[in-house]
>>> print(open('data_36.cif').read())   # mmCIF, C-alpha atoms
data_work
loop_
_atom_site.group_PDB
_atom_site.id
_atom_site.type_symbol
_atom_site.label_atom_id
_atom_site.label_comp_id
_atom_site.auth_asym_id
_atom_site.auth_seq_id
_atom_site.Cartn_x
_atom_site.Cartn_y
_atom_site.Cartn_z
ATOM 1 C CA MET N 1 -10.843 -28.770 -18.731
ATOM 2 C CA SER N 2 -9.660 -25.822 -16.710
ATOM 3 C CA GLU N 3 -6.022 -25.096 -16.010
ATOM 4 C CA ARG N 4 -6.631 -26.000 -12.355
ATOM 5 C CA GLN N 5 -7.771 -29.450 -13.376
ATOM 6 C CA ASN N 6 -5.207 -30.080 -16.081
ATOM 7 C CA LEU N 7 -2.216 -31.653 -14.350
ATOM 8 C CA SER N 8 0.202 -30.941 -17.185
ATOM 9 C CA ALA N 9 -0.555 -27.219 -16.960
ATOM 10 C CA THR N 10 1.130 -27.068 -13.543
ATOM 11 C CA ARG N 11 3.983 -29.551 -14.052
ATOM 12 C CA GLY N 12 7.278 -29.006 -15.863
ATOM 13 C CA SER N 13 8.780 -25.523 -15.933
ATOM 14 C CA SER N 14 9.856 -23.795 -19.146
ATOM 15 C CA ALA N 15 13.452 -23.905 -17.889
ATOM 16 C CA GLY N 16 13.165 -27.662 -17.370
ATOM 17 C CA ILE N 17 11.833 -28.173 -20.881
ATOM 18 C CA ARG N 18 14.699 -26.130 -22.333
ATOM 19 C CA PHE N 19 17.148 -28.165 -20.257
ATOM 20 C CA PHE N 20 15.935 -31.446 -21.739
ATOM 21 C CA ARG N 21 16.050 -30.050 -25.251
ATOM 22 C CA GLY N 22 19.677 -29.120 -24.710
ATOM 23 C CA PHE N 23 20.340 -32.500 -23.079
ATOM 24 C CA MET N 24 19.004 -34.285 -26.167
ATOM 25 C CA ARG N 25 21.168 -32.184 -28.474
ATOM 26 C CA LEU N 26 24.287 -33.019 -26.485
ATOM 27 C CA PHE N 27 23.732 -36.639 -25.475
ATOM 28 C CA GLY N 28 20.929 -37.946 -27.675
ATOM 29 C CA LEU N 29 17.384 -39.163 -27.094
ATOM 30 C CA LYS N 30 18.222 -42.461 -25.403
ATOM 31 C CA HIS N 31 20.285 -40.856 -22.620
ATOM 32 C CA ALA N 32 17.635 -38.149 -22.140
ATOM 33 C CA CYS N 33 14.953 -40.833 -21.718
ATOM 34 C CA ASN N 34 17.138 -42.582 -19.131
ATOM 35 C CA PHE N 35 17.747 -39.332 -17.252
ATOM 36 C CA VAL N 36 14.049 -38.448 -17.107
ATOM 37 C CA TRP N 37 13.515 -41.384 -14.715
ATOM 38 C CA PHE N 38 15.678 -39.595 -12.108
ATOM 39 C CA VAL N 39 13.797 -36.329 -12.562
ATOM 40 C CA VAL N 40 10.365 -37.958 -12.344
ATOM 41 C CA LEU N 41 11.371 -39.758 -9.143
ATOM 42 C CA PHE N 42 10.960 -36.416 -7.346
ATOM 43 C CA TYR N 43 7.320 -36.166 -8.464
ATOM 44 C CA ALA N 44 6.634 -39.791 -7.636
ATOM 45 C CA LEU N 45 8.005 -39.320 -4.119
ATOM 46 C CA PHE N 46 6.685 -35.881 -3.198
ATOM 47 C CA ASP N 47 3.885 -34.838 -5.567
ATOM 48 C CA ARG N 48 0.723 -36.211 -3.960
ATOM 49 C CA ARG N 49 -1.561 -34.694 -6.558
ATOM 50 C CA ALA N 50 0.330 -36.413 -9.389
ATOM 51 C CA ASN N 51 0.046 -39.747 -7.603
ATOM 52 C CA ARG N 52 -3.676 -39.255 -6.978
ATOM 53 C CA ALA N 53 -4.198 -38.397 -10.630
ATOM 54 C CA ALA N 54 -2.480 -41.617 -11.746
ATOM 55 C CA LEU N 55 -4.328 -43.886 -9.303
ATOM 56 C CA PRO N 56 -7.690 -44.420 -11.100
ATOM 57 C CA TYR N 57 -5.995 -46.050 -14.104
ATOM 58 C CA VAL N 58 -3.421 -47.905 -11.985
ATOM 59 C CA GLN N 59 -6.165 -49.373 -9.783
ATOM 60 C CA LEU N 60 -8.041 -50.660 -12.837
ATOM 61 C CA ARG N 61 -4.945 -51.990 -14.613
ATOM 62 C CA PHE N 62 -3.279 -53.475 -11.516
ATOM 63 C CA PRO N 63 -6.129 -54.199 -9.067
ATOM 64 C CA GLU N 64 -3.970 -56.488 -6.926
ATOM 65 C CA ALA N 65 -1.276 -53.840 -6.293
ATOM 66 C CA ARG N 66 -0.967 -52.298 -2.838
ATOM 67 C CA GLY N 67 1.441 -50.016 -1.009
ATOM 68 C CA PHE N 68 4.907 -49.809 -2.526
ATOM 69 C CA THR N 69 3.930 -51.865 -5.577
ATOM 70 C CA ARG N 70 1.107 -49.464 -6.401
ATOM 71 C CA TRP N 71 3.468 -46.490 -5.971
ATOM 72 C CA LEU N 72 5.965 -48.182 -8.298
ATOM 73 C CA HIS N 73 3.294 -48.520 -10.985
ATOM 74 C CA CYS N 74 2.504 -44.791 -10.652
ATOM 75 C CA TYR N 75 6.199 -43.933 -10.893
ATOM 76 C CA ARG N 76 6.678 -46.004 -14.043
ATOM 77 C CA LEU N 77 3.599 -44.399 -15.588
ATOM 78 C CA MET N 78 4.860 -40.849 -14.887
ATOM 79 C CA ALA N 79 8.337 -41.647 -16.220
ATOM 80 C CA SER N 80 6.880 -43.118 -19.401
ATOM 81 C CA GLN N 81 4.947 -39.917 -19.998
ATOM 82 C CA GLY N 82 8.197 -37.997 -19.727
ATOM 83 C CA GLU N 83 9.756 -40.307 -22.307
ATOM 84 C CA ALA N 84 6.792 -39.775 -24.645
ATOM 85 C CA LEU N 85 7.238 -36.005 -24.492
ATOM 86 C CA LEU N 86 10.952 -36.332 -25.220
ATOM 87 C CA ILE N 87 10.273 -38.504 -28.264
ATOM 88 C CA ALA N 88 7.753 -35.948 -29.559
ATOM 89 C CA GLY N 89 10.281 -33.168 -29.011
ATOM 90 C CA TRP N 90 12.980 -35.159 -30.814
ATOM 91 C CA ILE N 91 10.701 -35.691 -33.818
ATOM 92 C CA GLY N 92 9.894 -31.983 -33.879
ATOM 93 C CA ALA N 93 13.591 -31.076 -33.918
ATOM 94 C CA HIS N 94 14.812 -33.711 -36.396
ATOM 95 C CA GLY N 95 11.856 -34.269 -38.698
ATOM 96 C CA TRP N 96 9.982 -37.468 -39.347
ATOM 97 C CA LYS N 97 12.964 -39.845 -39.249
ATOM 98 C CA PHE N 98 12.047 -41.884 -36.193
ATOM 99 C CA PRO N 99 12.014 -45.693 -36.681
ATOM 100 C CA HIS N 100 8.442 -46.913 -36.815
ATOM 101 C CA ARG N 101 6.196 -49.725 -37.950
ATOM 102 C CA ALA N 102 2.455 -50.016 -38.515
ATOM 103 C CA GLU N 103 -0.244 -52.561 -37.783
ATOM 104 C CA ASN N 104 -3.611 -52.798 -39.560
ATOM 105 C CA ARG N 105 -3.069 -49.594 -41.564
ATOM 106 C CA ASP N 106 -5.104 -50.402 -44.704
ATOM 107 C CA GLY N 107 -8.367 -48.862 -43.500
ATOM 108 C CA MET N 108 -6.755 -45.576 -42.484
ATOM 109 C CA ALA N 109 -4.611 -45.444 -45.639
ATOM 110 C CA ALA N 110 -7.686 -45.814 -47.857
ATOM 111 C CA LEU N 111 -9.488 -42.994 -46.047
ATOM 112 C CA LEU N 112 -6.467 -40.687 -46.213
ATOM 113 C CA ALA N 113 -6.057 -41.325 -49.929
ATOM 114 C CA ASP N 114 -9.671 -40.328 -50.658
ATOM 115 C CA ARG N 115 -9.458 -36.521 -50.473
ATOM 116 C CA SER N 116 -13.151 -36.107 -51.271
ATOM 117 C CA ARG N 117 -14.204 -37.700 -48.008
ATOM 118 C CA GLY N 118 -13.725 -36.561 -44.450
ATOM 119 C CA PHE N 119 -13.480 -38.796 -41.432
ATOM 120 C CA VAL N 120 -12.814 -38.771 -37.709
ATOM 121 C CA MET N 121 -9.542 -40.082 -36.307
ATOM 122 C CA VAL N 122 -9.797 -40.945 -32.622
ATOM 123 C CA THR N 123 -6.502 -40.721 -30.792
ATOM 124 C CA SER N 124 -5.742 -41.183 -27.107
ATOM 125 C CA HIS N 125 -3.392 -39.920 -24.453
ATOM 126 C CA PHE N 126 -1.490 -43.099 -25.074
ATOM 127 C CA GLY N 127 2.192 -43.565 -25.894
ATOM 128 C CA CYS N 128 3.705 -40.813 -28.021
ATOM 129 C CA TRP N 129 0.342 -39.576 -29.230
ATOM 130 C CA GLN N 130 1.797 -36.304 -30.599
ATOM 131 C CA ALA N 131 3.526 -38.385 -33.289
ATOM 132 C CA ALA N 132 0.125 -39.002 -34.875
ATOM 133 C CA LEU N 133 0.355 -35.577 -36.492
ATOM 134 C CA ALA N 134 3.861 -36.233 -37.801
ATOM 135 C CA GLY N 135 2.606 -39.430 -39.399
ATOM 136 C CA LEU N 136 -0.280 -37.574 -41.056
ATOM 137 C CA ALA N 137 1.782 -34.660 -42.326
ATOM 138 C CA GLY N 138 3.016 -36.483 -45.422
ATOM 139 C CA PHE N 139 -0.516 -37.046 -46.732
ATOM 140 C CA GLY N 140 -1.141 -33.326 -47.191
ATOM 141 C CA ARG N 141 -4.642 -33.471 -45.688
ATOM 142 C CA THR N 142 -6.002 -30.654 -43.563
ATOM 143 C CA VAL N 143 -6.409 -31.973 -40.030
ATOM 144 C CA ASN N 144 -8.604 -30.286 -37.433
ATOM 145 C CA LEU N 145 -7.744 -30.896 -33.781
ATOM 146 C CA LEU N 146 -10.620 -30.700 -31.323
ATOM 147 C CA ALA N 147 -8.746 -30.041 -28.098
ATOM 148 C CA GLN N 148 -8.137 -27.726 -25.200
ATOM 149 C CA PRO N 149 -5.505 -25.056 -25.961
ATOM 150 C CA ASP N 150 -2.211 -25.810 -24.215
ATOM 151 C CA ALA N 151 -1.326 -23.634 -21.252
ATOM 152 C CA LYS N 152 2.367 -23.993 -22.123
ATOM 153 C CA ALA N 153 3.600 -23.237 -25.623
ATOM 154 C CA GLU N 154 6.472 -25.706 -25.176
ATOM 155 C CA LEU N 155 3.953 -28.557 -24.888
ATOM 156 C CA ASP N 156 1.795 -27.567 -27.843
ATOM 157 C CA LYS N 157 -0.052 -30.492 -29.397
ATOM 158 C CA ARG N 158 1.739 -29.683 -32.664
ATOM 159 C CA MET N 159 5.195 -29.907 -31.090
ATOM 160 C CA ALA N 160 6.152 -32.842 -33.347
ATOM 161 C CA VAL N 161 5.269 -30.950 -36.548
ATOM 162 C CA PRO N 162 6.652 -27.390 -36.177
ATOM 163 C CA ASP N 163 7.458 -27.081 -39.901
ATOM 164 C CA CYS N 164 3.894 -27.753 -41.041
ATOM 165 C CA ALA N 165 1.850 -26.681 -38.030
ATOM 166 C CA ASP N 166 -0.453 -24.620 -40.311
ATOM 167 C CA GLN N 167 -1.741 -27.877 -41.790
ATOM 168 C CA PHE N 168 -3.217 -28.696 -38.374
ATOM 169 C CA LYS N 169 -6.004 -26.383 -37.256
ATOM 170 C CA LEU N 170 -7.006 -26.176 -33.606
ATOM 171 C CA ILE N 171 -10.722 -26.169 -32.810
ATOM 172 C CA PRO N 172 -11.022 -25.135 -29.131
ATOM 173 C CA ALA N 173 -13.033 -27.659 -27.151
ATOM 174 C CA ASP N 174 -14.160 -24.851 -24.843
ATOM 175 C CA GLY N 175 -15.728 -22.934 -27.724
ATOM 176 C CA PHE N 176 -19.372 -22.737 -28.814
ATOM 177 C CA MET N 177 -21.053 -26.136 -28.296
ATOM 178 C CA GLY N 178 -17.673 -27.621 -27.514
ATOM 179 C CA GLY N 179 -16.470 -27.098 -31.088
ATOM 180 C CA LEU N 180 -18.733 -29.873 -32.418
ATOM 181 C CA LEU N 181 -20.365 -27.749 -35.106
ATOM 182 C CA GLU N 182 -16.970 -26.723 -36.491
ATOM 183 C CA CYS N 183 -15.904 -30.378 -36.532
ATOM 184 C CA ILE N 184 -19.002 -31.426 -38.441
ATOM 185 C CA GLU N 185 -18.460 -28.693 -41.023
ATOM 186 C CA ALA N 186 -14.802 -29.724 -41.409
ATOM 187 C CA VAL N 187 -15.775 -33.344 -42.105
ATOM 188 C CA ARG N 188 -18.339 -32.229 -44.663
ATOM 189 C CA ARG N 189 -15.573 -30.248 -46.424
ATOM 190 C CA GLY N 190 -13.634 -33.490 -46.789
ATOM 191 C CA GLU N 191 -11.149 -32.741 -44.007
ATOM 192 C CA VAL N 192 -9.889 -34.934 -41.184
ATOM 193 C CA VAL N 193 -11.025 -34.294 -37.620
ATOM 194 C CA CYS N 194 -8.792 -35.586 -34.850
ATOM 195 C CA VAL N 195 -10.440 -36.035 -31.444
ATOM 196 C CA MET N 196 -9.139 -37.491 -28.206
ATOM 197 C CA GLY N 197 -11.381 -40.370 -27.254
ATOM 198 C CA ASP N 198 -10.137 -41.187 -23.776
ATOM 199 C CA ARG N 199 -10.276 -38.128 -21.531
ATOM 200 C CA VAL N 200 -13.383 -36.195 -20.501
ATOM 201 C CA ALA N 201 -12.810 -32.437 -20.594
ATOM 202 C CA GLY N 202 -16.111 -31.102 -19.368
ATOM 203 C CA GLY N 203 -18.363 -32.181 -22.254
ATOM 204 C CA ALA N 204 -20.911 -34.990 -22.458
ATOM 205 C CA SER N 205 -19.610 -38.427 -21.546
ATOM 206 C CA ARG N 206 -20.710 -41.996 -21.013
ATOM 207 C CA PRO N 207 -19.168 -44.933 -19.098
ATOM 208 C CA ALA N 208 -17.712 -47.926 -20.906
ATOM 209 C CA LYS N 209 -16.181 -51.156 -19.638
ATOM 210 C CA PHE N 210 -12.452 -50.994 -19.056
ATOM 211 C CA PHE N 211 -10.384 -53.682 -17.288
ATOM 212 C CA GLY N 212 -13.349 -55.137 -15.434
ATOM 213 C CA GLY N 213 -14.486 -51.757 -14.216
ATOM 214 C CA ALA N 214 -15.812 -48.672 -15.965
ATOM 215 C CA MET N 215 -14.358 -45.377 -17.112
ATOM 216 C CA GLU N 216 -16.005 -42.258 -18.473
ATOM 217 C CA PHE N 217 -15.288 -41.546 -22.142
ATOM 218 C CA PRO N 218 -16.261 -38.406 -24.085
ATOM 219 C CA LEU N 219 -19.108 -38.548 -26.581
ATOM 220 C CA SER N 220 -17.627 -35.872 -28.870
ATOM 221 C CA PRO N 221 -15.936 -38.093 -31.534
ATOM 222 C CA TRP N 222 -19.004 -40.280 -31.857
ATOM 223 C CA LEU N 223 -21.396 -37.323 -32.009
ATOM 224 C CA VAL N 224 -19.380 -35.796 -34.863
ATOM 225 C CA ALA N 225 -19.440 -39.096 -36.766
ATOM 226 C CA ALA N 226 -23.165 -39.637 -36.183
ATOM 227 C CA ARG N 227 -24.129 -36.127 -37.275
ATOM 228 C CA SER N 228 -21.885 -36.091 -40.353
ATOM 229 C CA GLY N 229 -22.273 -39.733 -41.426
ATOM 230 C CA CYS N 230 -18.513 -40.298 -41.612
ATOM 231 C CA PRO N 231 -16.364 -43.273 -40.552
ATOM 232 C CA VAL N 232 -14.109 -43.332 -37.485
ATOM 233 C CA VAL N 233 -10.628 -44.837 -37.177
ATOM 234 C CA PRO N 234 -8.895 -45.206 -33.795
ATOM 235 C CA LEU N 235 -5.132 -44.737 -33.714
ATOM 236 C CA PHE N 236 -2.798 -45.774 -30.896
ATOM 237 C CA ILE N 237 0.916 -44.913 -30.976
ATOM 238 C CA ALA N 238 3.134 -46.889 -28.619
ATOM 239 C CA PHE N 239 6.876 -46.664 -28.143
ATOM 240 C CA GLU N 240 9.154 -49.550 -27.279
ATOM 241 C CA PRO N 241 10.607 -49.663 -23.734
ATOM 242 C CA ASP N 242 14.057 -48.610 -24.974
ATOM 243 C CA CYS N 243 12.499 -45.658 -26.883
ATOM 244 C CA SER N 244 13.957 -47.005 -30.133
ATOM 245 C CA GLU N 245 10.808 -47.455 -32.246
ATOM 246 C CA LEU N 246 7.199 -46.357 -32.541
ATOM 247 C CA LEU N 247 4.257 -48.630 -33.248
ATOM 248 C CA PHE N 248 1.291 -47.164 -35.132
ATOM 249 C CA ARG N 249 -1.639 -49.426 -34.302
ATOM 250 C CA PHE N 250 -4.718 -48.573 -36.389
ATOM 251 C CA GLY N 251 -8.075 -49.851 -35.253
ATOM 252 C CA ASP N 252 -10.685 -51.214 -37.624
ATOM 253 C CA VAL N 253 -12.909 -48.616 -39.282
ATOM 254 C CA ILE N 254 -15.926 -47.984 -37.034
ATOM 255 C CA ARG N 255 -19.272 -47.055 -38.539
ATOM 256 C CA VAL N 256 -21.572 -44.902 -36.417
ATOM 257 C CA SER N 257 -25.270 -44.880 -37.195
ATOM 258 C CA GLY N 258 -27.062 -41.579 -36.961
ATOM 259 C CA ASP N 259 -29.303 -39.066 -38.658
ATOM 260 C CA PRO N 260 -28.131 -35.462 -39.194
ATOM 261 C CA ASP N 261 -31.726 -34.272 -38.972
ATOM 262 C CA ARG N 262 -32.420 -35.477 -35.437
ATOM 263 C CA ARG N 263 -30.805 -35.415 -32.029
ATOM 264 C CA VAL N 264 -28.543 -38.360 -31.307
ATOM 265 C CA ARG N 265 -29.243 -40.189 -28.041
ATOM 266 C CA PRO N 266 -26.148 -41.092 -25.967
ATOM 267 C CA GLU N 267 -27.197 -44.761 -25.793
ATOM 268 C CA GLU N 268 -26.975 -44.958 -29.586
ATOM 269 C CA LEU N 269 -23.247 -44.259 -29.318
ATOM 270 C CA ALA N 270 -22.552 -46.967 -26.718
ATOM 271 C CA ALA N 271 -21.524 -49.680 -29.192
ATOM 272 C CA PRO N 272 -18.883 -47.716 -31.167
ATOM 273 C CA MET N 273 -17.521 -46.242 -27.951
ATOM 274 C CA ALA N 274 -17.234 -49.719 -26.431
ATOM 275 C CA GLU N 275 -15.320 -50.894 -29.515
ATOM 276 C CA TYR N 276 -12.841 -48.059 -29.053
ATOM 277 C CA ALA N 277 -12.529 -48.799 -25.307
ATOM 278 C CA ARG N 278 -11.718 -52.444 -26.090
ATOM 279 C CA GLY N 279 -8.982 -51.294 -28.450
ATOM 280 C CA LEU N 280 -7.510 -49.033 -25.778
ATOM 281 C CA GLU N 281 -7.650 -51.870 -23.240
ATOM 282 C CA ASN N 282 -5.874 -54.239 -25.637
ATOM 283 C CA MET N 283 -3.079 -51.709 -26.130
ATOM 284 C CA ALA N 284 -2.871 -51.145 -22.383
ATOM 285 C CA ARG N 285 -2.293 -54.863 -21.920
ATOM 286 C CA ARG N 286 0.633 -54.701 -24.347
ATOM 287 C CA TYR N 287 2.019 -51.388 -23.046
ATOM 288 C CA PRO N 288 0.672 -50.972 -19.488
ATOM 289 C CA TYR N 289 2.640 -47.803 -18.684
ATOM 290 C CA GLN N 290 1.611 -45.778 -21.710
ATOM 291 C CA VAL N 291 -1.993 -44.912 -20.801
ATOM 292 C CA PHE N 292 -1.660 -41.288 -19.705
ATOM 293 C CA ARG N 293 -5.128 -40.799 -18.366
ATOM 294 C CA PHE N 294 -4.474 -38.704 -15.274
ATOM 295 C CA GLU N 295 -7.696 -37.926 -13.450
ATOM 296 C CA PRO N 296 -8.109 -34.375 -12.064
ATOM 297 C CA ASP N 297 -8.789 -33.726 -8.392
#
>>> encode(input="data_36.cif", output="structure tokens")
Amino acid sequence: MSERQNLSATRGSSAGIRFFRGFMRLFGLKHACNFVWFVVLFYALFDRRANRAALPYVQLRFPEARGFTRWLHCYRLMASQGEALLIAGWIGAHGWKFPHRAENRDGMAALLADRSRGFVMVTSHFGCWQAALAGLAGFGRTVNLLAQPDAKAELDKRMAVPDCADQFKLIPADGFMGGLLECIEAVRRGEVVCVMGDRVAGGASRPAKFFGGAMEFPLSPWLVAARSGCPVVPLFIAFEPDCSELLFRFGDVIRVSGDPDRRVRPEELAAPMAEYARGLENMARRYPYQVFRFEPD
């Protein structure tokens, strides 16, 4: 995804980010999360592009909303994203001490404990997704991130793990063949590959059902799994409305059929992708303002 398309690349100045870091040091995370609602109100009122980017998800999640109600949903979604970034920044500054709980973690724990076997972890732009890396850091596994490089260093995907950022290798999604070959090799070395499963960034995609409609989802995590014969585990990280606790919700292990010696057809990946989309929809029902899928112009 180009910098023109990526909304976050043009929102939030470096001075503003430094301000909130200082605010958290002086007044704490909770007051910073409350204050971000006042700051985001400016964008919700005057930033038409931000509102347009939020609309596709809002229209699917709240199809009955019109006028002011629809705007209010967009505002709450933008403010929640600000809270998620503050939580990630707090974890990066204070270490992995944030209150958290886990659901359905046995499948992921078994895969992390087996260092001889690689797998794909599918995350989403959902909740405080940067905290996924902080949760993985203690296992000592090498994690490869297939992602677009961040235009702003202050919003680096490894912002929650500054002390062990070397454990997390970035595979640029705009590299040769979208970085897929590097991901496959990493899995075959017994490493973890972390891929965003919800936002299309210029690569191959396929629609899947989502809240009665359809959304495009990238094929990349499922192609890596099919070509390397490894399992996939979705991970969703939500935060409570008062920003007091994180929920790590692990999906069931997904098996992707494929043959490394032949080309994988997109229709063969429809079933595992649909399973992931159902998991994302279920989490969106529980936490409707934590799906940060902002569509580009």
>>> atom_distance(input="data_36.cif", atom1="atom CA of N:Met215", atom2="atom CA of N:Glu103")
26.0 Å
>>> residues_around(input="data_36.cif", residues="N:Asn34", least_positions_apart="5", cutoff="10 Å", atoms="all atoms listed in the file", output="list in words")
Leu29, Val39, Ala79, Glu83, Asp242 and Cys243 of chain N
>>> closest_residue(input="data_36.cif", among="N:Val122, N:Val233, N:Leu77, N:Ala54", to="N:Ala110", atoms="only C-alpha atoms")
N:Val233
>>> closest_residue(input="data_36.cif", among="N:Met196, N:Leu112, N:Ala225, N:Ala32", to="N:Gly140", atoms="all atoms listed in the file")
N:Leu112
>>> closest_residue(input="data_36.cif", among="N:Ala270, N:Phe68, N:Gly22, N:Leu41", to="N:Pro207", atoms="only C-alpha atoms")
N:Ala270
>>> residues_around(input="data_36.cif", residues="N:Gly179", least_positions_apart="6", cutoff="9 Å", atoms="all atoms listed in the file", output="VMD selection string")
chain N and resid 146 to 147 171 to 173
>>> axis_aligned_box(input="data_36.cif", around="stretch 23-42 of chain N", padding_each_side="6 Å", output="AutoDock Vina command-line options")
--center_x 17.3 --center_y -37.4 --center_z -17.9 --size_x 25.9 --size_y 22.4 --size_z 33.1
>>> resolve_selection(input="data_36.cif", expression="the PyMOL selection byres ((chain N and resi 286) around 12)", output="list in words")
Arg61, Phe126, Gly127, Phe236, Ile237, Ala238, Phe239, Glu240, Pro241, Leu247, Arg249, Gly279, Leu280, Glu281, Asn282, Met283, Ala284, Arg285, Tyr287, Pro288, Tyr289, Gln290 and Val291 of chain N
>>> residues_around(input="data_36.cif", residues="N:Trp90", least_positions_apart="3", cutoff="12 Å", atoms="only C-alpha atoms", output="ChimeraX atom specification")
/N:20-25,28-30,32-33,83-87,93-98,128,130-131,134,159-162,243-244
>>> closest_residue(input="data_36.cif", among="N:Ala132, N:Leu181, N:Ala109, N:Ala274", to="N:Pro260", atoms="all atoms listed in the file")
N:Leu181
>>> closest_residue(input="data_36.cif", among="N:Ser220, N:Ser116, N:Thr69, N:Gln148", to="N:Met273", atoms="all atoms listed in the file")
N:Ser220
>>> residues_around(input="data_36.cif", residues="N:Leu45", least_positions_apart="6", cutoff="12 Å", atoms="all atoms listed in the file", output="list in words")
Phe38, Val39, Asn51, Phe68, Trp71, Leu72, Cys74, Tyr75 and Met78 of chain N
>>> write_last_selection(input="data_36.cif", atoms="C-alpha atoms", output="compact mmCIF listing (two decimals), in the frame of the given file")
# COMPACT_ATOMS: atom_id res chain seq x y z
CA PHE N 38 15.68 -39.60 -12.11
CA VAL N 39 13.80 -36.33 -12.56
CA ASN N 51 0.05 -39.75 -7.60
CA PHE N 68 4.91 -49.81 -2.53
CA TRP N 71 3.47 -46.49 -5.97
CA LEU N 72 5.96 -48.18 -8.30
CA CYS N 74 2.50 -44.79 -10.65
CA TYR N 75 6.20 -43.93 -10.89
CA MET N 78 4.86 -40.85 -14.89
>>> resolve_selection(input="data_36.cif", expression="the PyMOL selection byres ((chain N and resi 141) around 12)", output="PyMOL selection string")
chain N and resi 109+111-119+133-140+142-144+164+166-169+186-187+189-194
>>> write_last_selection(input="data_36.cif", atoms="C-alpha atoms", output="PDB file, in the coordinates of the input")
ATOM      1  CA  ALA N 109      -4.611 -45.444 -45.639  1.00  0.00           C
ATOM      2  CA  LEU N 111      -9.488 -42.994 -46.047  1.00  0.00           C
ATOM      3  CA  LEU N 112      -6.467 -40.687 -46.213  1.00  0.00           C
ATOM      4  CA  ALA N 113      -6.057 -41.325 -49.929  1.00  0.00           C
ATOM      5  CA  ASP N 114      -9.671 -40.328 -50.658  1.00  0.00           C
ATOM      6  CA  ARG N 115      -9.458 -36.521 -50.473  1.00  0.00           C
ATOM      7  CA  SER N 116     -13.151 -36.107 -51.271  1.00  0.00           C
ATOM      8  CA  ARG N 117     -14.204 -37.700 -48.008  1.00  0.00           C
ATOM      9  CA  GLY N 118     -13.725 -36.561 -44.450  1.00  0.00           C
ATOM     10  CA  PHE N 119     -13.480 -38.796 -41.432  1.00  0.00           C
ATOM     11  CA  LEU N 133       0.355 -35.577 -36.492  1.00  0.00           C
ATOM     12  CA  ALA N 134       3.861 -36.233 -37.801  1.00  0.00           C
ATOM     13  CA  GLY N 135       2.606 -39.430 -39.399  1.00  0.00           C
ATOM     14  CA  LEU N 136      -0.280 -37.574 -41.056  1.00  0.00           C
ATOM     15  CA  ALA N 137       1.782 -34.660 -42.326  1.00  0.00           C
ATOM     16  CA  GLY N 138       3.016 -36.483 -45.422  1.00  0.00           C
ATOM     17  CA  PHE N 139      -0.516 -37.046 -46.732  1.00  0.00           C
ATOM     18  CA  GLY N 140      -1.141 -33.326 -47.191  1.00  0.00           C
ATOM     19  CA  THR N 142      -6.002 -30.654 -43.563  1.00  0.00           C
ATOM     20  CA  VAL N 143      -6.409 -31.973 -40.030  1.00  0.00           C
ATOM     21  CA  ASN N 144      -8.604 -30.286 -37.433  1.00  0.00           C
ATOM     22  CA  CYS N 164       3.894 -27.753 -41.041  1.00  0.00           C
ATOM     23  CA  ASP N 166      -0.453 -24.620 -40.311  1.00  0.00           C
ATOM     24  CA  GLN N 167      -1.741 -27.877 -41.790  1.00  0.00           C
ATOM     25  CA  PHE N 168      -3.217 -28.696 -38.374  1.00  0.00           C
ATOM     26  CA  LYS N 169      -6.004 -26.383 -37.256  1.00  0.00           C
ATOM     27  CA  ALA N 186     -14.802 -29.724 -41.409  1.00  0.00           C
ATOM     28  CA  VAL N 187     -15.775 -33.344 -42.105  1.00  0.00           C
ATOM     29  CA  ARG N 189     -15.573 -30.248 -46.424  1.00  0.00           C
ATOM     30  CA  GLY N 190     -13.634 -33.490 -46.789  1.00  0.00           C
ATOM     31  CA  GLU N 191     -11.149 -32.741 -44.007  1.00  0.00           C
ATOM     32  CA  VAL N 192      -9.889 -34.934 -41.184  1.00  0.00           C
ATOM     33  CA  VAL N 193     -11.025 -34.294 -37.620  1.00  0.00           C
ATOM     34  CA  CYS N 194      -8.792 -35.586 -34.850  1.00  0.00           C
TER      35      CYS N 194
END
>>> atom_distance(input="data_36.cif", atom1="atom CA of N:Phe217", atom2="atom CA of N:Arg199")
6.1 Å
>>> resolve_selection(input="data_36.cif", expression="the PyMOL selection byres ((chain N and resi 214) around 12)", output="ChimeraX atom specification")
/N:56-57,59-61,206-213,215-217,274,277-278,281
>>> write_last_selection(input="data_36.cif", atoms="C-alpha atoms", output="PDB file, keeping the file's coordinate frame")
ATOM      1  CA  PRO N  56      -7.690 -44.420 -11.100  1.00  0.00           C
ATOM      2  CA  TYR N  57      -5.995 -46.050 -14.104  1.00  0.00           C
ATOM      3  CA  GLN N  59      -6.165 -49.373  -9.783  1.00  0.00           C
ATOM      4  CA  LEU N  60      -8.041 -50.660 -12.837  1.00  0.00           C
ATOM      5  CA  ARG N  61      -4.945 -51.990 -14.613  1.00  0.00           C
ATOM      6  CA  ARG N 206     -20.710 -41.996 -21.013  1.00  0.00           C
ATOM      7  CA  PRO N 207     -19.168 -44.933 -19.098  1.00  0.00           C
ATOM      8  CA  ALA N 208     -17.712 -47.926 -20.906  1.00  0.00           C
ATOM      9  CA  LYS N 209     -16.181 -51.156 -19.638  1.00  0.00           C
ATOM     10  CA  PHE N 210     -12.452 -50.994 -19.056  1.00  0.00           C
ATOM     11  CA  PHE N 211     -10.384 -53.682 -17.288  1.00  0.00           C
ATOM     12  CA  GLY N 212     -13.349 -55.137 -15.434  1.00  0.00           C
ATOM     13  CA  GLY N 213     -14.486 -51.757 -14.216  1.00  0.00           C
ATOM     14  CA  MET N 215     -14.358 -45.377 -17.112  1.00  0.00           C
ATOM     15  CA  GLU N 216     -16.005 -42.258 -18.473  1.00  0.00           C
ATOM     16  CA  PHE N 217     -15.288 -41.546 -22.142  1.00  0.00           C
ATOM     17  CA  ALA N 274     -17.234 -49.719 -26.431  1.00  0.00           C
ATOM     18  CA  ALA N 277     -12.529 -48.799 -25.307  1.00  0.00           C
ATOM     19  CA  ARG N 278     -11.718 -52.444 -26.090  1.00  0.00           C
ATOM     20  CA  GLU N 281      -7.650 -51.870 -23.240  1.00  0.00           C
TER      21      GLU N 281
END
